[in-house]
$ cat input09.pdb   # PDB, N, CA and C atoms
ATOM      1  N   MET S   1      90.231 -73.325  42.980
ATOM      2  CA  MET S   1      91.245 -74.145  43.612
ATOM      3  C   MET S   1      91.946 -74.988  42.546
ATOM      4  N   LYS S   2      93.255 -74.849  42.467
ATOM      5  CA  LYS S   2      94.050 -75.591  41.493
ATOM      6  C   LYS S   2      94.564 -76.880  42.132
ATOM      7  N   LEU S   3      94.330 -77.996  41.442
ATOM      8  CA  LEU S   3      94.832 -79.283  41.902
ATOM      9  C   LEU S   3      96.249 -79.496  41.387
ATOM     10  N   ASP S   4      97.106 -80.027  42.213
ATOM     11  CA  ASP S   4      98.481 -80.317  41.812
ATOM     12  C   ASP S   4      98.578 -81.795  41.451
ATOM     13  N   ILE S   5      98.190 -82.117  40.215
ATOM     14  CA  ILE S   5      98.190 -83.500  39.744
ATOM     15  C   ILE S   5      99.498 -83.766  39.007
ATOM     16  N   PRO S   6     100.234 -84.795  39.395
ATOM     17  CA  PRO S   6     101.507 -85.084  38.716
ATOM     18  C   PRO S   6     101.265 -85.584  37.288
ATOM     19  N   GLU S   7     102.214 -85.305  36.406
ATOM     20  CA  GLU S   7     102.116 -85.769  35.027
ATOM     21  C   GLU S   7     102.703 -87.165  34.848
ATOM     22  N   THR S   8     103.614 -87.540  35.747
ATOM     23  CA  THR S   8     104.245 -88.859  35.667
ATOM     24  C   THR S   8     104.218 -89.545  37.029
ATOM     25  N   VAL S   9     104.366 -90.857  36.984
ATOM     26  CA  VAL S   9     104.421 -91.677  38.191
ATOM     27  C   VAL S   9     105.640 -92.581  38.073
ATOM     28  N   ASP S  10     106.488 -92.582  39.086
ATOM     29  CA  ASP S  10     107.642 -93.485  39.106
ATOM     30  C   ASP S  10     107.222 -94.819  39.709
ATOM     31  N   SER S  11     107.684 -95.892  39.110
ATOM     32  CA  SER S  11     107.370 -97.224  39.604
ATOM     33  C   SER S  11     108.508 -98.159  39.212
ATOM     34  N   HIS S  12     108.272 -99.429  39.337
ATOM     35  CA  HIS S  12     109.224-100.426  38.850
ATOM     36  C   HIS S  12     108.425-101.555  38.209
ATOM     37  N   VAL S  13     109.085-102.290  37.338
ATOM     38  CA  VAL S  13     108.455-103.412  36.649
ATOM     39  C   VAL S  13     109.356-104.630  36.759
ATOM     40  N   ILE S  14     108.762-105.777  36.546
ATOM     41  CA  ILE S  14     109.505-107.029  36.437
ATOM     42  C   ILE S  14     109.493-107.423  34.961
ATOM     43  N   ILE S  15     110.675-107.539  34.379
ATOM     44  CA  ILE S  15     110.793-107.895  32.959
ATOM     45  C   ILE S  15     110.266-109.308  32.742
ATOM     46  N   GLN S  16     109.400-109.464  31.738
ATOM     47  CA  GLN S  16     108.843-110.774  31.387
ATOM     48  C   GLN S  16     109.558-111.370  30.173
ATOM     49  N   SER S  17     109.680-110.559  29.108
ATOM     50  CA  SER S  17     110.344-111.028  27.885
ATOM     51  C   SER S  17     110.747-109.827  27.042
ATOM     52  N   GLN S  18     111.718-110.057  26.162
ATOM     53  CA  GLN S  18     112.165-108.982  25.280
ATOM     54  C   GLN S  18     111.310-109.001  24.024
ATOM     55  N   HIS S  19     110.891-107.819  23.586
ATOM     56  CA  HIS S  19     110.063-107.679  22.396
ATOM     57  C   HIS S  19     110.916-107.254  21.206
ATOM     58  N   SER S  20     111.818-106.294  21.425
ATOM     59  CA  SER S  20     112.774-105.869  20.409
ATOM     60  C   SER S  20     114.025-105.380  21.132
ATOM     61  N   HIS S  21     114.964-104.768  20.405
ATOM     62  CA  HIS S  21     116.214-104.350  21.050
ATOM     63  C   HIS S  21     116.007-103.170  22.007
ATOM     64  N   ARG S  22     114.860-102.501  21.997
ATOM     65  CA  ARG S  22     114.583-101.382  22.905
ATOM     66  C   ARG S  22     113.267-101.517  23.654
ATOM     67  N   THR S  23     112.553-102.646  23.504
ATOM     68  CA  THR S  23     111.271-102.824  24.190
ATOM     69  C   THR S  23     111.173-104.196  24.842
ATOM     70  N   TRP S  24     110.465-104.232  25.976
ATOM     71  CA  TRP S  24     110.268-105.459  26.741
ATOM     72  C   TRP S  24     108.829-105.527  27.227
ATOM     73  N   HIS S  25     108.299-106.727  27.335
ATOM     74  CA  HIS S  25     107.040-106.925  28.037
ATOM     75  C   HIS S  25     107.401-107.011  29.516
ATOM     76  N   ALA S  26     106.647-106.309  30.349
ATOM     77  CA  ALA S  26     106.970-106.253  31.771
ATOM     78  C   ALA S  26     105.683-106.154  32.573
ATOM     79  N   SER S  27     105.756-106.499  33.862
ATOM     80  CA  SER S  27     104.571-106.424  34.722
ATOM     81  C   SER S  27     104.777-105.398  35.823
ATOM     82  N   LEU S  28     103.735-104.604  36.049
ATOM     83  CA  LEU S  28     103.717-103.636  37.149
ATOM     84  C   LEU S  28     103.499-104.376  38.461
ATOM     85  N   PRO S  29     103.695-103.720  39.598
ATOM     86  CA  PRO S  29     103.462-104.383  40.893
ATOM     87  C   PRO S  29     102.049-104.946  41.056
ATOM     88  N   ASN S  30     101.057-104.354  40.367
ATOM     89  CA  ASN S  30      99.684-104.863  40.468
ATOM     90  C   ASN S  30      99.410-106.022  39.504
ATOM     91  N   GLY S  31     100.424-106.433  38.719
ATOM     92  CA  GLY S  31     100.278-107.560  37.806
ATOM     93  C   GLY S  31      99.957-107.175  36.376
ATOM     94  N   LYS S  32      99.614-105.917  36.112
ATOM     95  CA  LYS S  32      99.292-105.471  34.753
ATOM     96  C   LYS S  32     100.528-105.567  33.873
ATOM     97  N   ILE S  33     100.357-106.157  32.688
ATOM     98  CA  ILE S  33     101.454-106.282  31.729
ATOM     99  C   ILE S  33     101.502-105.007  30.882
ATOM    100  N   ILE S  34     102.695-104.424  30.770
ATOM    101  CA  ILE S  34     102.887-103.214  29.980
ATOM    102  C   ILE S  34     104.067-103.404  29.040
ATOM    103  N   MET S  35     104.269-102.422  28.177
ATOM    104  CA  MET S  35     105.440-102.367  27.311
ATOM    105  C   MET S  35     106.424-101.395  27.956
ATOM    106  N   ALA S  36     107.603-101.880  28.313
ATOM    107  CA  ALA S  36     108.662-101.028  28.866
ATOM    108  C   ALA S  36     109.654-100.762  27.733
ATOM    109  N   PHE S  37     110.113 -99.517  27.643
ATOM    110  CA  PHE S  37     110.975 -99.179  26.509
ATOM    111  C   PHE S  37     112.085 -98.222  26.912
ATOM    112  N   LEU S  38     113.123 -98.200  26.076
ATOM    113  CA  LEU S  38     114.228 -97.257  26.202
ATOM    114  C   LEU S  38     114.080 -96.192  25.133
ATOM    115  N   ASN S  39     114.488 -94.965  25.424
ATOM    116  CA  ASN S  39     114.550 -93.913  24.418
ATOM    117  C   ASN S  39     115.631 -94.247  23.405
ATOM    118  N   GLU S  40     115.517 -93.688  22.222
ATOM    119  CA  GLU S  40     116.520 -93.894  21.179
ATOM    120  C   GLU S  40     117.894 -93.365  21.591
ATOM    121  N   GLU S  41     117.925 -92.309  22.433
ATOM    122  CA  GLU S  41     119.195 -91.725  22.865
ATOM    123  C   GLU S  41     119.931 -92.593  23.885
ATOM    124  N   ASP S  42     119.192 -93.462  24.578
ATOM    125  CA  ASP S  42     119.800 -94.307  25.608
ATOM    126  C   ASP S  42     120.626 -95.421  24.974
ATOM    127  N   PRO S  43     121.730 -95.796  25.617
ATOM    128  CA  PRO S  43     122.525 -96.902  25.069
ATOM    129  C   PRO S  43     121.733 -98.210  25.178
ATOM    130  N   PRO S  44     121.937 -99.134  24.247
ATOM    131  CA  PRO S  44     121.236-100.420  24.323
ATOM    132  C   PRO S  44     121.570-101.146  25.623
ATOM    133  N   MET S  45     120.598-101.829  26.169
ATOM    134  CA  MET S  45     120.782-102.578  27.411
ATOM    135  C   MET S  45     120.142-103.946  27.258
ATOM    136  N   THR S  46     120.569-104.851  28.104
ATOM    137  CA  THR S  46     119.997-106.188  28.130
ATOM    138  C   THR S  46     119.401-106.430  29.505
ATOM    139  N   PHE S  47     118.167-106.907  29.533
ATOM    140  CA  PHE S  47     117.509-107.260  30.788
ATOM    141  C   PHE S  47     117.044-108.697  30.690
ATOM    142  N   GLU S  48     117.346-109.472  31.696
ATOM    143  CA  GLU S  48     116.908-110.855  31.758
ATOM    144  C   GLU S  48     115.503-110.918  32.339
ATOM    145  N   PRO S  49     114.699-111.925  31.979
ATOM    146  CA  PRO S  49     113.388-112.088  32.608
ATOM    147  C   PRO S  49     113.542-112.176  34.131
ATOM    148  N   GLY S  50     112.687-111.459  34.835
ATOM    149  CA  GLY S  50     112.744-111.422  36.289
ATOM    150  C   GLY S  50     113.470-110.208  36.834
ATOM    151  N   ALA S  51     114.150-109.450  35.964
ATOM    152  CA  ALA S  51     114.875-108.257  36.408
ATOM    153  C   ALA S  51     113.885-107.191  36.876
ATOM    154  N   ASN S  52     114.233-106.514  37.957
ATOM    155  CA  ASN S  52     113.436-105.423  38.512
ATOM    156  C   ASN S  52     114.011-104.123  37.962
ATOM    157  N   VAL S  53     113.204-103.375  37.195
ATOM    158  CA  VAL S  53     113.685-102.211  36.462
ATOM    159  C   VAL S  53     112.821-100.987  36.791
ATOM    160  N   PRO S  54     113.437 -99.820  37.064
ATOM    161  CA  PRO S  54     112.645 -98.615  37.329
ATOM    162  C   PRO S  54     112.068 -98.041  36.036
ATOM    163  N   VAL S  55     110.818 -97.573  36.108
ATOM    164  CA  VAL S  55     110.158 -96.963  34.958
ATOM    165  C   VAL S  55     109.441 -95.684  35.368
ATOM    166  N   CYS S  56     109.147 -94.870  34.380
ATOM    167  CA  CYS S  56     108.361 -93.657  34.554
ATOM    168  C   CYS S  56     107.127 -93.807  33.671
ATOM    169  N   LEU S  57     105.949 -93.718  34.269
ATOM    170  CA  LEU S  57     104.683 -93.842  33.546
ATOM    171  C   LEU S  57     104.018 -92.480  33.453
ATOM    172  N   THR S  58     103.363 -92.185  32.338
ATOM    173  CA  THR S  58     102.576 -90.959  32.274
ATOM    174  C   THR S  58     101.187 -91.293  32.807
ATOM    175  N   VAL S  59     100.556 -90.337  33.473
ATOM    176  CA  VAL S  59      99.243 -90.597  34.048
ATOM    177  C   VAL S  59      98.189 -90.798  32.959
ATOM    178  N   ALA S  60      98.478 -90.370  31.739
ATOM    179  CA  ALA S  60      97.532 -90.528  30.640
ATOM    180  C   ALA S  60      97.556 -91.934  30.043
ATOM    181  N   ASP S  61      98.643 -92.708  30.264
ATOM    182  CA  ASP S  61      98.772 -94.019  29.627
ATOM    183  C   ASP S  61      99.620 -94.946  30.487
ATOM    184  N   PHE S  62      98.959 -95.800  31.257
ATOM    185  CA  PHE S  62      99.684 -96.758  32.101
ATOM    186  C   PHE S  62     100.014 -98.053  31.370
ATOM    187  N   SER S  63      99.873 -98.083  30.030
ATOM    188  CA  SER S  63     100.154 -99.313  29.296
ATOM    189  C   SER S  63     101.599 -99.380  28.817
ATOM    190  N   ARG S  64     102.364 -98.291  29.013
ATOM    191  CA  ARG S  64     103.771 -98.300  28.623
ATOM    192  C   ARG S  64     104.570 -97.451  29.595
ATOM    193  N   GLY S  65     105.816 -97.858  29.801
ATOM    194  CA  GLY S  65     106.669 -97.162  30.736
ATOM    195  C   GLY S  65     108.059 -96.953  30.183
ATOM    196  N   LEU S  66     108.587 -95.762  30.398
ATOM    197  CA  LEU S  66     109.944 -95.428  29.982
ATOM    198  C   LEU S  66     110.925 -95.948  31.034
ATOM    199  N   ILE S  67     111.868 -96.761  30.622
ATOM    200  CA  ILE S  67     112.891 -97.274  31.530
ATOM    201  C   ILE S  67     113.830 -96.133  31.871
ATOM    202  N   VAL S  68     114.011 -95.886  33.157
ATOM    203  CA  VAL S  68     114.872 -94.789  33.604
ATOM    204  C   VAL S  68     116.053 -95.360  34.360
ATOM    205  N   MET S  69     117.204 -95.345  33.722
ATOM    206  CA  MET S  69     118.427 -95.826  34.345
ATOM    207  C   MET S  69     119.254 -94.625  34.745
ATOM    208  N   LYS S  70     119.629 -94.537  36.019
ATOM    209  CA  LYS S  70     120.367 -93.381  36.509
ATOM    210  C   LYS S  70     121.832 -93.673  36.612
TER     211      LYS S  70
END

$ encode --input "input09.pdb" --output "structure tokens"
Amino acid sequence: MKLDIPETVDSHVIIQSQHSHRTWHASLPNGKIIMAFLNEEDPPMTFEPGANVPVCLTVADFSRGLIVMK
């Protein structure tokens, strides 16, 4: 029997503070603080503390999330 386990999980984070021009400290809905980041190909963006931002997490590492802007 093959299990259909997803490789990624979509969620959202609340921006806490900016770490660099492409990374932010952010909190998941459960309160865990993670590093949220933009890919190098994405245009630079600015997020204020408290902003609600969508992210994609890999199931192997919930300590960082890719910011996904559509």

$ closest_residue --input "input09.pdb" --among "S:Met69, S:Ala60, S:Leu3, S:Ile15" --to "Ile34 in chain S" --atoms "only C-alpha atoms"
S:Ile15

$ resolve_selection --input "input09.pdb" --expression "the PyMOL selection byres ((chain S and resi 67) around 7)" --output "PyMOL selection string"
chain S and resi 36-39+53-56+65-66+68-69

$ resolve_selection --input "input09.pdb" --expression "the PyMOL selection byres ((chain S and resi 16) around 8)" --output "PyMOL selection string"
chain S and resi 13-15+17-19+24-27+47-51

$ atom_distance --input "input09.pdb" --atom1 "atom N of Ser11 in chain S" --atom2 "atom N of Thr46 in chain S"
19.2 Å

$ select_by_dssp --input "input09.pdb" --residues "chain S" --states "strand (DSSP E or B)" --output "VMD selection string"
chain S and resid 8 to 18 23 to 27 33 to 37 52 to 58 61 to 67

$ resolve_selection --input "input09.pdb" --expression "the PyMOL selection byres ((chain S and resi 7) around 5)" --output "list in words"
Ile5, Pro6, Thr8, Val9, Thr58 and Val59 of chain S

$ write_last_selection --input "input09.pdb" --atoms "N, CA and C atoms" --output "PDB file, in the frame of the given file"
ATOM      1  N   ILE S   5      98.190 -82.117  40.215  1.00  0.00           N
ATOM      2  CA  ILE S   5      98.190 -83.500  39.744  1.00  0.00           C
ATOM      3  C   ILE S   5      99.498 -83.766  39.007  1.00  0.00           C
ATOM      4  N   PRO S   6     100.234 -84.795  39.395  1.00  0.00           N
ATOM      5  CA  PRO S   6     101.507 -85.084  38.716  1.00  0.00           C
ATOM      6  C   PRO S   6     101.265 -85.584  37.288  1.00  0.00           C
ATOM      7  N   THR S   8     103.614 -87.540  35.747  1.00  0.00           N
ATOM      8  CA  THR S   8     104.245 -88.859  35.667  1.00  0.00           C
ATOM      9  C   THR S   8     104.218 -89.545  37.029  1.00  0.00           C
ATOM     10  N   VAL S   9     104.366 -90.857  36.984  1.00  0.00           N
ATOM     11  CA  VAL S   9     104.421 -91.677  38.191  1.00  0.00           C
ATOM     12  C   VAL S   9     105.640 -92.581  38.073  1.00  0.00           C
ATOM     13  N   THR S  58     103.363 -92.185  32.338  1.00  0.00           N
ATOM     14  CA  THR S  58     102.576 -90.959  32.274  1.00  0.00           C
ATOM     15  C   THR S  58     101.187 -91.293  32.807  1.00  0.00           C
ATOM     16  N   VAL S  59     100.556 -90.337  33.473  1.00  0.00           N
ATOM     17  CA  VAL S  59      99.243 -90.597  34.048  1.00  0.00           C
ATOM     18  C   VAL S  59      98.189 -90.798  32.959  1.00  0.00           C
TER      19      VAL S  59
END

$ atom_distance --input "input09.pdb" --atom1 "CA of Ile33 in chain S" --atom2 "atom N of Phe62 in chain S"
10.8 Å

$ closest_residue --input "input09.pdb" --among "S:Leu28, S:Leu57, S:Glu40, S:Met45" --to "Asp10 in chain S" --atoms "all atoms listed in the file"
S:Leu57

$ atom_distance --input "input09.pdb" --atom1 "CA of Glu41 in chain S" --atom2 "atom C of Asp4 in chain S"
29.5 Å

$ axis_aligned_box --input "input09.pdb" --around "range 7-21 of chain S" --padding-each-side "8 Å" --output "lines of an AutoDock Vina configuration file"
center_x = 109.2
center_y = -98.3
center_z = 30.1
size_x = 30.1
size_y = 42.1
size_z = 35.3

$ decode --input "input09.pdb" --residues "chain S" --atoms "C-alpha atoms" --output "mmCIF file, in the first residue's frame"
data_model
loop_
_atom_site.group_PDB
_atom_site.id
_atom_site.type_symbol
_atom_site.label_atom_id
_atom_site.label_comp_id
_atom_site.auth_asym_id
_atom_site.auth_seq_id
_atom_site.Cartn_x
_atom_site.Cartn_y
_atom_site.Cartn_z
ATOM 1 C CA MET S 1 0.000 0.000 0.000
ATOM 2 C CA LYS S 2 1.470 3.323 -1.117
ATOM 3 C CA LEU S 3 0.860 6.343 1.100
ATOM 4 C CA ASP S 4 0.176 9.659 -0.613
ATOM 5 C CA ILE S 5 2.219 11.964 1.623
ATOM 6 C CA PRO S 6 2.514 15.571 0.409
ATOM 7 C CA GLU S 7 5.986 17.063 0.005
ATOM 8 C CA THR S 8 4.878 20.590 0.909
ATOM 9 C CA VAL S 9 2.338 22.244 3.179
ATOM 10 C CA ASP S 10 0.750 25.624 2.453
ATOM 11 C CA SER S 11 0.272 27.914 5.424
ATOM 12 C CA HIS S 12 0.584 31.546 6.408
ATOM 13 C CA VAL S 13 2.858 33.399 8.805
ATOM 14 C CA ILE S 14 2.801 36.658 10.704
ATOM 15 C CA ILE S 15 5.924 38.724 10.003
ATOM 16 C CA GLN S 16 7.832 39.564 13.199
ATOM 17 C CA SER S 17 10.941 41.364 11.906
ATOM 18 C CA GLN S 18 13.134 41.672 8.844
ATOM 19 C CA HIS S 19 16.409 39.747 8.923
ATOM 20 C CA SER S 20 17.811 40.750 5.516
ATOM 21 C CA HIS S 21 16.486 42.050 2.183
ATOM 22 C CA ARG S 22 15.049 38.560 1.368
ATOM 23 C CA THR S 23 14.464 36.990 4.816
ATOM 24 C CA TRP S 24 12.145 37.676 7.750
ATOM 25 C CA HIS S 25 11.531 36.181 11.161
ATOM 26 C CA ALA S 26 7.902 35.072 11.218
ATOM 27 C CA SER S 27 5.514 33.013 13.350
ATOM 28 C CA LEU S 28 3.353 30.107 12.220
ATOM 29 C CA PRO S 29 -0.265 29.839 13.436
ATOM 30 C CA ASN S 30 0.932 27.552 16.269
ATOM 31 C CA GLY S 31 3.377 30.248 17.477
ATOM 32 C CA LYS S 32 6.595 28.605 16.211
ATOM 33 C CA ILE S 33 9.092 31.181 14.943
ATOM 34 C CA ILE S 34 10.542 30.375 11.512
ATOM 35 C CA MET S 35 12.632 32.036 8.821
ATOM 36 C CA ALA S 36 10.456 33.158 5.888
ATOM 37 C CA PHE S 37 12.304 33.911 2.672
ATOM 38 C CA LEU S 38 11.951 34.954 -0.956
ATOM 39 C CA ASN S 39 13.671 33.175 -3.846
ATOM 40 C CA GLU S 40 16.427 35.080 -5.618
ATOM 41 C CA GLU S 41 14.249 35.224 -8.770
ATOM 42 C CA ASP S 42 11.408 36.984 -6.929
ATOM 43 C CA PRO S 43 11.336 40.785 -6.944
ATOM 44 C CA PRO S 44 12.289 42.400 -3.616
ATOM 45 C CA MET S 45 9.336 43.063 -1.327
ATOM 46 C CA THR S 46 8.752 44.864 1.925
ATOM 47 C CA PHE S 47 6.656 43.406 4.734
ATOM 48 C CA GLU S 48 5.788 45.289 7.886
ATOM 49 C CA PRO S 49 5.674 43.497 11.263
ATOM 50 C CA GLY S 50 2.217 41.994 11.704
ATOM 51 C CA ALA S 51 1.696 41.319 7.983
ATOM 52 C CA ASN S 52 -0.026 38.018 7.169
ATOM 53 C CA VAL S 53 1.967 36.321 4.389
ATOM 54 C CA PRO S 54 1.381 32.979 2.586
ATOM 55 C CA VAL S 55 4.238 30.459 2.738
ATOM 56 C CA CYS S 56 5.049 26.981 1.485
ATOM 57 C CA LEU S 57 6.799 24.657 3.959
ATOM 58 C CA THR S 58 8.518 21.388 3.105
ATOM 59 C CA VAL S 59 7.481 18.488 5.321
ATOM 60 C CA ALA S 60 11.172 17.771 5.964
ATOM 61 C CA ASP S 61 11.860 21.207 7.537
ATOM 62 C CA PHE S 62 9.216 23.336 9.249
ATOM 63 C CA SER S 63 11.829 25.870 10.418
ATOM 64 C CA ARG S 64 11.747 27.852 7.158
ATOM 65 C CA GLY S 65 9.092 28.793 4.664
ATOM 66 C CA LEU S 66 9.168 30.052 1.099
ATOM 67 C CA ILE S 67 7.018 33.163 0.668
ATOM 68 C CA VAL S 68 4.608 32.534 -2.195
ATOM 69 C CA MET S 69 3.130 35.652 -3.731
ATOM 70 C CA LYS S 70 0.641 35.008 -6.526
#
